[in-house]
Structure formats: structure tokens, C-alpha cells
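Pasted below: model35.txt, compact mmCIF, C-alpha atoms and all ligand atoms.
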```
# COMPACT_ATOMS: atom_id res chain seq x y z
CA MET A 172 2.93 2.45 -5.99
CA GLU A 173 0.95 2.43 -9.22
CA ARG A 174 -1.33 -0.40 -8.16
CA ILE A 175 -2.00 1.28 -4.80
CA ARG A 176 -2.80 4.67 -6.29
CA ASN A 177 -5.00 3.12 -8.98
CA CYS A 178 -6.86 1.17 -6.33
CA PHE A 179 -7.76 4.29 -4.34
CA GLU A 180 -8.53 6.37 -7.40
CA SER A 181 -10.70 3.88 -9.22
CA LEU A 182 -12.76 3.15 -6.09
CA GLU A 183 -13.09 6.84 -5.21
CA ALA A 184 -14.38 7.50 -8.72
CA LYS A 185 -17.18 5.01 -7.97
CA GLY A 186 -17.88 6.48 -4.52
CA GLU A 187 -16.24 3.53 -2.74
CA LYS A 188 -13.29 3.08 -0.43
CA PRO A 189 -10.91 0.15 -0.27
CA LEU A 190 -11.60 -2.79 1.97
CA ILE A 191 -8.14 -3.93 3.05
CA VAL A 192 -8.10 -7.49 4.36
CA TYR A 193 -5.37 -8.95 6.54
CA ALA A 194 -4.57 -12.62 6.94
CA THR A 195 -1.42 -14.38 8.05
CA ALA A 196 0.47 -16.09 5.23
CA CYS A 197 0.55 -19.90 5.38
CA ASP A 198 -2.21 -20.17 7.97
CA PRO A 199 -3.00 -23.01 8.51
CA ASP A 200 -0.43 -24.07 5.92
CA CYS A 201 0.99 -22.64 2.72
CA SER A 202 -1.17 -24.58 0.28
CA LYS A 203 -4.50 -24.01 2.08
CA SER A 204 -3.50 -20.39 2.43
CA VAL A 205 -3.54 -19.90 -1.35
CA GLU A 206 -7.20 -20.95 -1.44
CA ILE A 207 -8.06 -18.73 1.51
CA PHE A 208 -6.44 -15.65 -0.07
CA ARG A 209 -8.25 -16.48 -3.29
CA LEU A 210 -11.53 -16.18 -1.38
CA LEU A 211 -10.40 -12.96 0.32
CA LEU A 212 -9.62 -11.50 -3.11
CA GLU A 213 -13.20 -11.98 -4.23
CA TYR A 214 -14.16 -9.14 -1.86
CA ALA A 215 -11.01 -7.35 -0.71
CA ASP A 216 -9.66 -4.40 -2.71
CA MET A 217 -6.21 -4.70 -1.19
CA LEU A 218 -4.48 -7.51 0.70
CA GLU A 219 -2.28 -7.29 3.74
CA VAL A 220 -0.28 -10.50 3.96
CA GLY A 221 1.23 -11.15 7.38
CA MET A 222 4.67 -12.74 7.49
CA PRO A 223 4.67 -15.39 10.22
CA PHE A 224 6.88 -14.46 13.17
CA SER A 225 7.51 -16.01 16.58
CA ASP A 226 7.02 -12.81 18.54
CA PRO A 227 4.27 -10.71 16.93
CA LEU A 228 4.19 -8.08 19.64
CA ALA A 229 1.53 -5.80 18.15
CA ASP A 230 -0.89 -8.70 17.74
CA GLY A 231 -3.66 -9.94 19.99
CA PRO A 232 -4.37 -13.64 20.68
CA THR A 233 -6.29 -14.35 17.44
CA ILE A 234 -3.46 -13.29 15.15
CA GLN A 235 -0.77 -14.62 17.51
CA LYS A 236 -2.29 -18.08 17.12
CA ALA A 237 -2.32 -17.67 13.34
CA HIS A 238 1.42 -16.95 13.42
CA GLU A 239 1.94 -20.10 15.50
CA ARG A 240 -0.09 -22.27 13.12
CA ALA A 241 1.80 -20.90 10.14
CA LEU A 242 5.21 -21.38 11.72
CA SER A 243 4.46 -24.94 12.78
CA SER A 244 3.43 -25.71 9.20
CA GLY A 245 6.95 -24.66 8.13
CA ALA A 246 6.35 -21.10 6.94
CA ASN A 247 9.31 -18.82 6.33
CA THR A 248 10.07 -15.71 4.31
CA LYS A 249 10.83 -17.63 1.13
CA ARG A 250 7.52 -19.49 1.33
CA VAL A 251 5.66 -16.22 1.89
CA PHE A 252 7.18 -14.92 -1.35
CA GLU A 253 6.12 -18.14 -3.12
CA LEU A 254 2.59 -17.60 -1.84
CA VAL A 255 2.46 -14.03 -3.18
CA GLU A 256 3.85 -15.24 -6.49
CA LYS A 257 0.97 -17.75 -6.74
CA LEU A 258 -1.60 -15.07 -5.90
CA ARG A 259 -0.17 -12.86 -8.62
CA GLU A 260 -0.86 -15.60 -11.19
CA PHE A 261 -4.56 -14.78 -10.98
CA GLU A 262 -4.63 -11.32 -9.39
CA ARG A 263 -2.75 -8.67 -11.30
CA GLU A 264 -4.48 -5.45 -10.29
CA LYS A 265 -5.11 -5.43 -6.57
CA PRO A 266 -2.31 -4.19 -4.32
CA ILE A 267 -0.60 -6.68 -2.03
CA LEU A 268 1.12 -5.34 1.06
CA LEU A 269 3.43 -7.37 3.25
CA MET A 270 3.01 -6.91 7.00
CA GLY A 271 6.20 -8.03 8.66
CA TYR A 272 8.10 -7.47 11.85
CA TYR A 273 11.57 -6.10 11.30
CA ASN A 274 13.68 -8.99 12.61
CA PRO A 275 13.01 -11.49 9.78
CA ILE A 276 13.55 -8.68 7.25
CA PHE A 277 16.88 -7.86 8.86
CA VAL A 278 17.90 -11.52 8.91
CA TYR A 279 16.93 -11.96 5.22
CA GLY A 280 18.83 -8.79 4.32
CA GLU A 281 16.90 -5.56 3.85
CA GLU A 282 17.78 -4.86 0.24
CA LYS A 283 17.41 -8.42 -0.93
CA PHE A 284 14.09 -8.61 0.91
CA ILE A 285 12.71 -5.54 -0.86
CA ARG A 286 13.99 -6.69 -4.26
CA ASP A 287 12.64 -10.24 -3.91
CA ALA A 288 9.30 -8.91 -2.68
CA LYS A 289 9.02 -6.63 -5.68
CA ALA A 290 9.91 -9.49 -8.02
CA VAL A 291 6.93 -11.57 -6.83
CA GLY A 292 4.49 -8.67 -7.07
CA VAL A 293 4.41 -6.99 -3.66
CA ASP A 294 3.42 -3.29 -3.66
CA GLY A 295 4.25 -2.13 -0.18
CA PHE A 296 5.33 -2.92 3.35
CA ILE A 297 3.93 -2.38 6.84
CA VAL A 298 6.61 -2.93 9.48
CA PRO A 299 4.91 -2.19 12.80
CA ASP A 300 8.05 -2.28 14.93
CA LEU A 301 9.93 0.15 12.70
CA PRO A 302 9.20 3.70 13.88
CA PRO A 303 9.61 6.53 11.35
CA GLU A 304 12.86 7.75 12.92
CA GLU A 305 14.53 4.35 12.49
CA GLY A 306 12.72 3.52 9.29
CA GLU A 307 14.02 6.32 7.09
CA ASP A 308 16.66 4.20 5.44
CA PHE A 309 14.26 1.31 4.82
CA ALA A 310 11.65 3.73 3.47
CA ARG A 311 14.15 5.28 1.07
CA LYS A 312 15.16 1.88 -0.30
CA VAL A 313 11.52 0.86 -0.71
CA LYS A 314 10.62 4.09 -2.50
CA SER A 315 13.64 3.84 -4.78
CA LEU A 316 12.09 0.64 -6.18
CA LYS A 317 8.77 2.44 -6.62
CA LEU A 318 7.14 0.52 -3.79
CA SER A 319 5.30 1.97 -0.83
CA PRO A 320 6.42 1.94 2.79
CA VAL A 321 3.37 2.31 5.06
CA PHE A 322 3.91 3.86 8.49
CA LEU A 323 1.53 3.72 11.43
CA ALA A 324 0.06 6.65 13.31
CA ALA A 325 -1.81 6.25 16.61
CA PRO A 326 -4.07 8.32 18.86
CA THR A 327 -0.94 9.17 20.86
CA SER A 328 1.05 10.52 17.89
CA THR A 329 1.88 14.20 18.39
CA ASP A 330 1.63 16.67 15.50
CA GLU A 331 5.38 16.64 15.18
CA ARG A 332 5.47 12.87 14.94
CA VAL A 333 2.61 12.84 12.47
CA ARG A 334 4.56 15.26 10.27
CA LYS A 335 7.53 12.87 10.34
CA ILE A 336 5.27 9.90 9.50
CA GLY A 337 3.86 11.87 6.57
CA GLU A 338 7.36 12.46 5.23
CA VAL A 339 8.55 8.86 5.30
CA THR A 340 5.36 7.01 4.40
CA GLY A 341 4.52 6.16 0.78
CA GLU A 342 1.02 6.29 -0.72
CA PHE A 343 -0.82 6.31 2.59
CA ILE A 344 -0.73 6.23 6.39
CA TYR A 345 -2.20 3.44 8.52
CA TYR A 346 -4.08 4.91 11.48
CA VAL A 347 -4.27 2.51 14.40
CA SER A 348 -7.66 3.22 15.99
CA VAL A 349 -6.60 2.23 19.48
CA THR A 350 -3.32 2.25 21.31
CA GLY A 351 -2.88 -1.44 21.89
CA ILE A 352 -2.92 -4.71 20.04
CA THR A 353 -4.91 -6.09 17.12
CA GLY A 354 -8.26 -7.69 17.91
CA GLU A 355 -12.00 -7.34 17.40
CA ARG A 356 -13.78 -4.74 19.47
CA GLU A 357 -17.44 -4.24 20.19
CA ARG A 358 -17.48 -0.47 19.72
CA LEU A 359 -14.96 2.01 18.41
CA ALA A 360 -14.45 5.63 19.44
CA TYR A 361 -15.82 6.92 16.13
CA GLU A 362 -15.75 10.62 16.95
CA GLU A 363 -12.21 10.58 18.26
CA ILE A 364 -11.03 8.45 15.34
CA GLU A 365 -12.56 10.77 12.77
CA ARG A 366 -11.21 13.86 14.49
CA ASP A 367 -7.74 12.37 14.66
CA ILE A 368 -7.74 11.20 11.06
CA ARG A 369 -8.78 14.69 9.94
CA ARG A 370 -5.82 16.07 11.89
CA ILE A 371 -3.43 13.59 10.27
CA LYS A 372 -4.71 14.26 6.76
CA GLU A 373 -4.48 18.00 7.34
CA ILE A 374 -0.89 17.82 8.55
CA THR A 375 0.40 15.32 6.00
CA GLY A 376 -1.89 15.64 2.98
CA LYS A 377 -1.73 11.82 2.73
CA ARG A 378 -4.53 9.33 2.43
CA THR A 379 -5.11 7.63 5.78
CA VAL A 380 -6.73 4.24 6.31
CA VAL A 381 -7.99 2.94 9.64
CA GLY A 382 -7.52 -0.47 11.26
CA PHE A 383 -7.64 -2.26 14.64
CA GLY A 384 -10.95 -3.45 16.04
CA ILE A 385 -13.12 -3.33 12.91
CA SER A 386 -15.19 -6.49 12.62
CA ARG A 387 -18.62 -5.47 11.29
CA GLY A 388 -20.11 -3.42 8.49
CA GLU A 389 -21.61 -1.13 11.10
CA HIS A 390 -18.13 -0.15 12.31
CA ILE A 391 -17.27 1.05 8.82
CA ARG A 392 -20.58 2.85 8.28
CA GLU A 393 -20.29 4.73 11.58
CA MET A 394 -17.10 6.50 10.47
CA TYR A 395 -17.39 6.13 6.72
CA ASN A 396 -16.69 9.69 5.63
CA THR A 397 -13.27 10.37 7.07
CA PRO A 398 -10.83 7.44 6.57
CA ASP A 399 -9.70 6.58 3.04
CA GLY A 400 -9.90 2.84 3.61
CA PHE A 401 -10.67 0.19 6.21
CA VAL A 402 -8.47 -2.67 7.42
CA VAL A 403 -9.94 -5.84 8.90
CA GLY A 404 -7.74 -8.59 10.35
CA SER A 405 -8.73 -10.52 13.46
CA ALA A 406 -12.39 -10.99 12.46
CA VAL A 407 -11.18 -12.67 9.27
CA VAL A 408 -8.43 -14.69 10.97
CA ARG A 409 -10.89 -16.01 13.59
CA ARG A 410 -13.02 -17.55 10.80
CA ILE A 411 -9.92 -19.01 9.17
CA GLU A 412 -9.03 -20.56 12.53
CA LYS A 413 -12.48 -22.19 12.74
CA GLY A 414 -12.32 -23.28 9.11
CA ASP A 415 -15.63 -21.42 8.68
CA MET A 416 -15.46 -20.49 5.00
CA ASP A 417 -19.20 -19.73 4.73
CA GLY A 418 -18.95 -17.39 7.70
CA LEU A 419 -15.87 -15.82 6.19
CA ARG A 420 -17.61 -15.19 2.89
CA ALA A 421 -20.64 -13.67 4.65
CA LEU A 422 -18.39 -11.39 6.68
CA LEU A 423 -16.43 -10.21 3.64
CA LYS A 424 -19.64 -9.52 1.76
CA GLU A 425 -20.98 -7.43 4.66
CA LEU A 426 -17.73 -5.49 5.01
CA LYS A 427 -17.35 -4.79 1.28
CA GLU A 428 -20.96 -3.63 1.10
CA ALA A 429 -20.24 -1.13 3.89
CA THR A 430 -17.33 0.40 1.96
CA LYS A 431 -19.63 1.37 -0.91
CA SER A 432 -20.58 5.00 -0.25
CA SER A 433 -22.52 6.35 2.67
CA ILE A 434 -26.00 5.54 1.36
O1 LIG B 1 -6.98 -7.43 13.69
P1 LIG B 1 -7.66 -6.12 13.58
O2 LIG B 1 -8.00 -5.57 14.93
O3 LIG B 1 -8.80 -6.16 12.63
O4 LIG B 1 -6.57 -5.05 13.00
C1 LIG B 1 -6.00 -5.14 11.65
C2 LIG B 1 -4.76 -5.89 11.67
O5 LIG B 1 -5.05 -7.22 11.98
C3 LIG B 1 -3.70 -5.87 10.58
O6 LIG B 1 -3.60 -4.67 9.91
C4 LIG B 1 -2.45 -6.21 11.32
C5 LIG B 1 -2.10 -7.46 11.70
N1 LIG B 1 -0.97 -7.43 12.45
C6 LIG B 1 -0.59 -6.13 12.60
C7 LIG B 1 0.44 -5.59 13.33
C8 LIG B 1 0.57 -4.23 13.36
C9 LIG B 1 -0.28 -3.41 12.62
C10 LIG B 1 -1.33 -3.96 11.88
C11 LIG B 1 -1.51 -5.32 11.89
```
Could you take the file, read its structure, and then write that structure out as C-alpha cells?
Ligand SMILES: O=P(O)(O)OC[C@@H](O)[C@@H](O)c1c[nH]c2ccccc12
Amino acid sequence: MERIRNCFESLEAKGEKPLIVYATACDPDCSKSVEIFRLLLEYADMLEVGMPFSDPLADGPTIQKAHERALSSGANTKRVFELVEKLREFEREKPILLMGYYNPIFVYGEEKFIRDAKAVGVDGFIVPDLPPEEGEDFARKVKSLKLSPVFLAAPTSTDERVRKIGEVTGEFIYYVSVTGITGERERLAYEEIERDIRRIKEITGKRTVVGFGISRGEHIREMYNTPDGFVVGSAVVRRIEKGDMDGLRALLKELKEATKSSI
């Protein structure tokens, strides 16, 4: 919790907002993945580390393929924890969130999963297939260890549902900009997104970050004022897939630049 709150507060004090970067753990394999995350950490303010899973139902083709590459390289929950442990050897400040589907967490054992994650330096969890109604117990366990459960809100979330999400979530809410799956999009519905995020922040009083479809600095600049942070996944994962590290660095630079105030 501490690392997450500090991240928001220290950036806000500078007139910036966090750039939250997603990549799938162990893509293309666990050892190359350490180097890739090291590059991501040069620009990202917060990491979202995806736990490889055979049936990533909220993900579009780009991230689905990343899960396949990771699994065929032998990734599993234990190796994801080892990866985070390695990242924590050189990155002590920036928050690391785990993005994982519920099944592997259930199989590993919920409580042991949360404890082991905390031990390697994880700060929070995004479990997209765990709705707030079913996630209360998980959220309570996570909060009791001073970590942050992050729940998703979508354009279709009613006020009542948003209120519920606000109650169970930890430091912030993740607003999914489109009802659908992850993946780059040409244009986003900026006005609707900003209006909806204002509604969510009003109801819950929680910081709300936006993700799904963001792949360019322009996307961030167009809606800069309202969200409290910006998540980018598929655009990053596509460059990892191509092994295009120069392109990846250029993209990260552009995105981070866009999160520095509305000048
Ligand atoms: O890939 P995009 O469209 O840039 O969206 C972010 C996203 O990748 C990341 O937050 C994420 C990856 N898998 C998810 C599953 C559910 C919710 C969020 C995610």
C-alpha cells in the first residue's frame, strides 16, 4: 500500500501521473523477461506483471500469444514470484502489481499466494475474473497484509456497482476504457471516458487509472486531466513479441513524456 500511495503522491507533487506498464511474466522466457522488465522500469512508474495462464479470457490476441510463449517456456506461479524477487533486487520503490486470473491463485491456495507474493515484494493484485461480490474475501485477506486489491470498473458499471467496487478496492480503481478485451485501439472515446471516470471518483472518492487501448502519447494527452494514471499493455507486448527493444524504448519514452503534466 505504502509504495502505491507514495508513487501517486510523489508524482502528483511534480505535476505528473503514473505510467503503469503491463507485460506478461516470463515472455518469451523467464530469464529474458528480467531484462525486459528492467528496461520497462527505466520509464514505468508502476509495473503490472501478468501471470501466464492458459485461458486469459479478458485478453486480446497480442497478450494471449504472450501467455502462450511464457507457458511454453515453462512459466508457473513459483517462477513468476522468482522473477519479481529478482526485480526487487534493483527496484525497491516502484510498485509491482500482479495481474492474474483467479484459477491459478485458487490452485496455489489463496492465503499462501498472497503471503508469498508479499514476501517477494508485490504491492497489489488485479484479478480480472474476480468481481467485487465474489472478491470480498480475497480483498479482505489482501488488505490485512497491507497490500492492495485492485478492482475493475467498466463503462457498463452502474452507480450501485461502482459503490461496491469502491468499498472493496484498495488504493485505486482500474477503469477499463472499453467493454471488451485488451488490445491497441486507434482512437478512444475520450469524452465518455473522462465523464465516466469523474462519476466513479465522485461516488468512491478513490483514485482511478485508465487502461485498455492506450498505445500512443496522444491517447494520454487527449484525456490527461481526469484519470489518475495510465496503463499500457498490448502496445508494449507487441514490441516484446517482435524483439524490437529500440522500438520499445522509443514507445516508453513517448508515453512517459505524455504523463508529465498537460503542457
Ligand atoms: O493491452 P491494453 O489494451 O494496453 O490494456 C492494458 C492491459 O494490457 C493490462 O492492464 C491487462 C492485461 N491483461 C489484463 C486483463 C484484464 C485487465 C487488464 C489487463
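Closest approach to A:Thr379 among A:Val407, A:Ile234, A:Val402, A:Leu426: A:Val402, based on all atoms listed in the file.
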Which residues are near ligand LIG 1 (chain B) in this structure, taking near to mean any atom at most 9 Å from a ligand atom and counting all atoms listed in the file? Format them as a PyMOL selection string. chain A and resi 191-195+219-221+227-231+233-235+270-272+297-300+323+345+347-348+352-356+381-386+401-408
Can you list every residue of stretch 299-357 of chain A that has an atom at most 9 Å from stretch 280-288 of chain A, with its nearest atom pair and the distance in Å to one decimal, using all atoms listed in the file, ordered by chain then number, as JSON lines?
```
{"residue": "A:Phe309", "atom": "CA", "partner": "A:Glu281", "partner_atom": "CA", "distance": 7.4}
{"residue": "A:Lys312", "atom": "CA", "partner": "A:Glu282", "partner_atom": "CA", "distance": 7.3}
{"residue": "A:Val313", "atom": "CA", "partner": "A:Ile285", "partner_atom": "CA", "distance": 6.5}
{"residue": "A:Leu316", "atom": "CA", "partner": "A:Arg286", "partner_atom": "CA", "distance": 7.8}
{"residue": "A:Leu318", "atom": "CA", "partner": "A:Ile285", "partner_atom": "CA", "distance": 8.7}
```
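If all atoms listed in the file are the atoms counted, then among A:Ser204, A:Thr375, A:Asn177, A:Asn247 the closest residue to A:Pro189 is A:Asn177.
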Shell around stretch 181-188 of chain A at 10 Å using all atoms listed in the file, local window under 4 positions removed, as a list in words: Arg176, Asn177, Asp216, Val380, Tyr395, Asn396, Pro398, Asp399, Gly400, Phe401, Lys427, Glu428, Ala429, Thr430, Lys431, Ser432 and Ser433 of chain A
Selection: 10 Å around stretch 205-208 of chain A, only C-alpha atoms, excl. self and same-chain fewer than 4 positions, as a PyMOL selection string: chain A and resi 192-201+212-213+215+218+220+253-255+257-258+411+414+416+419
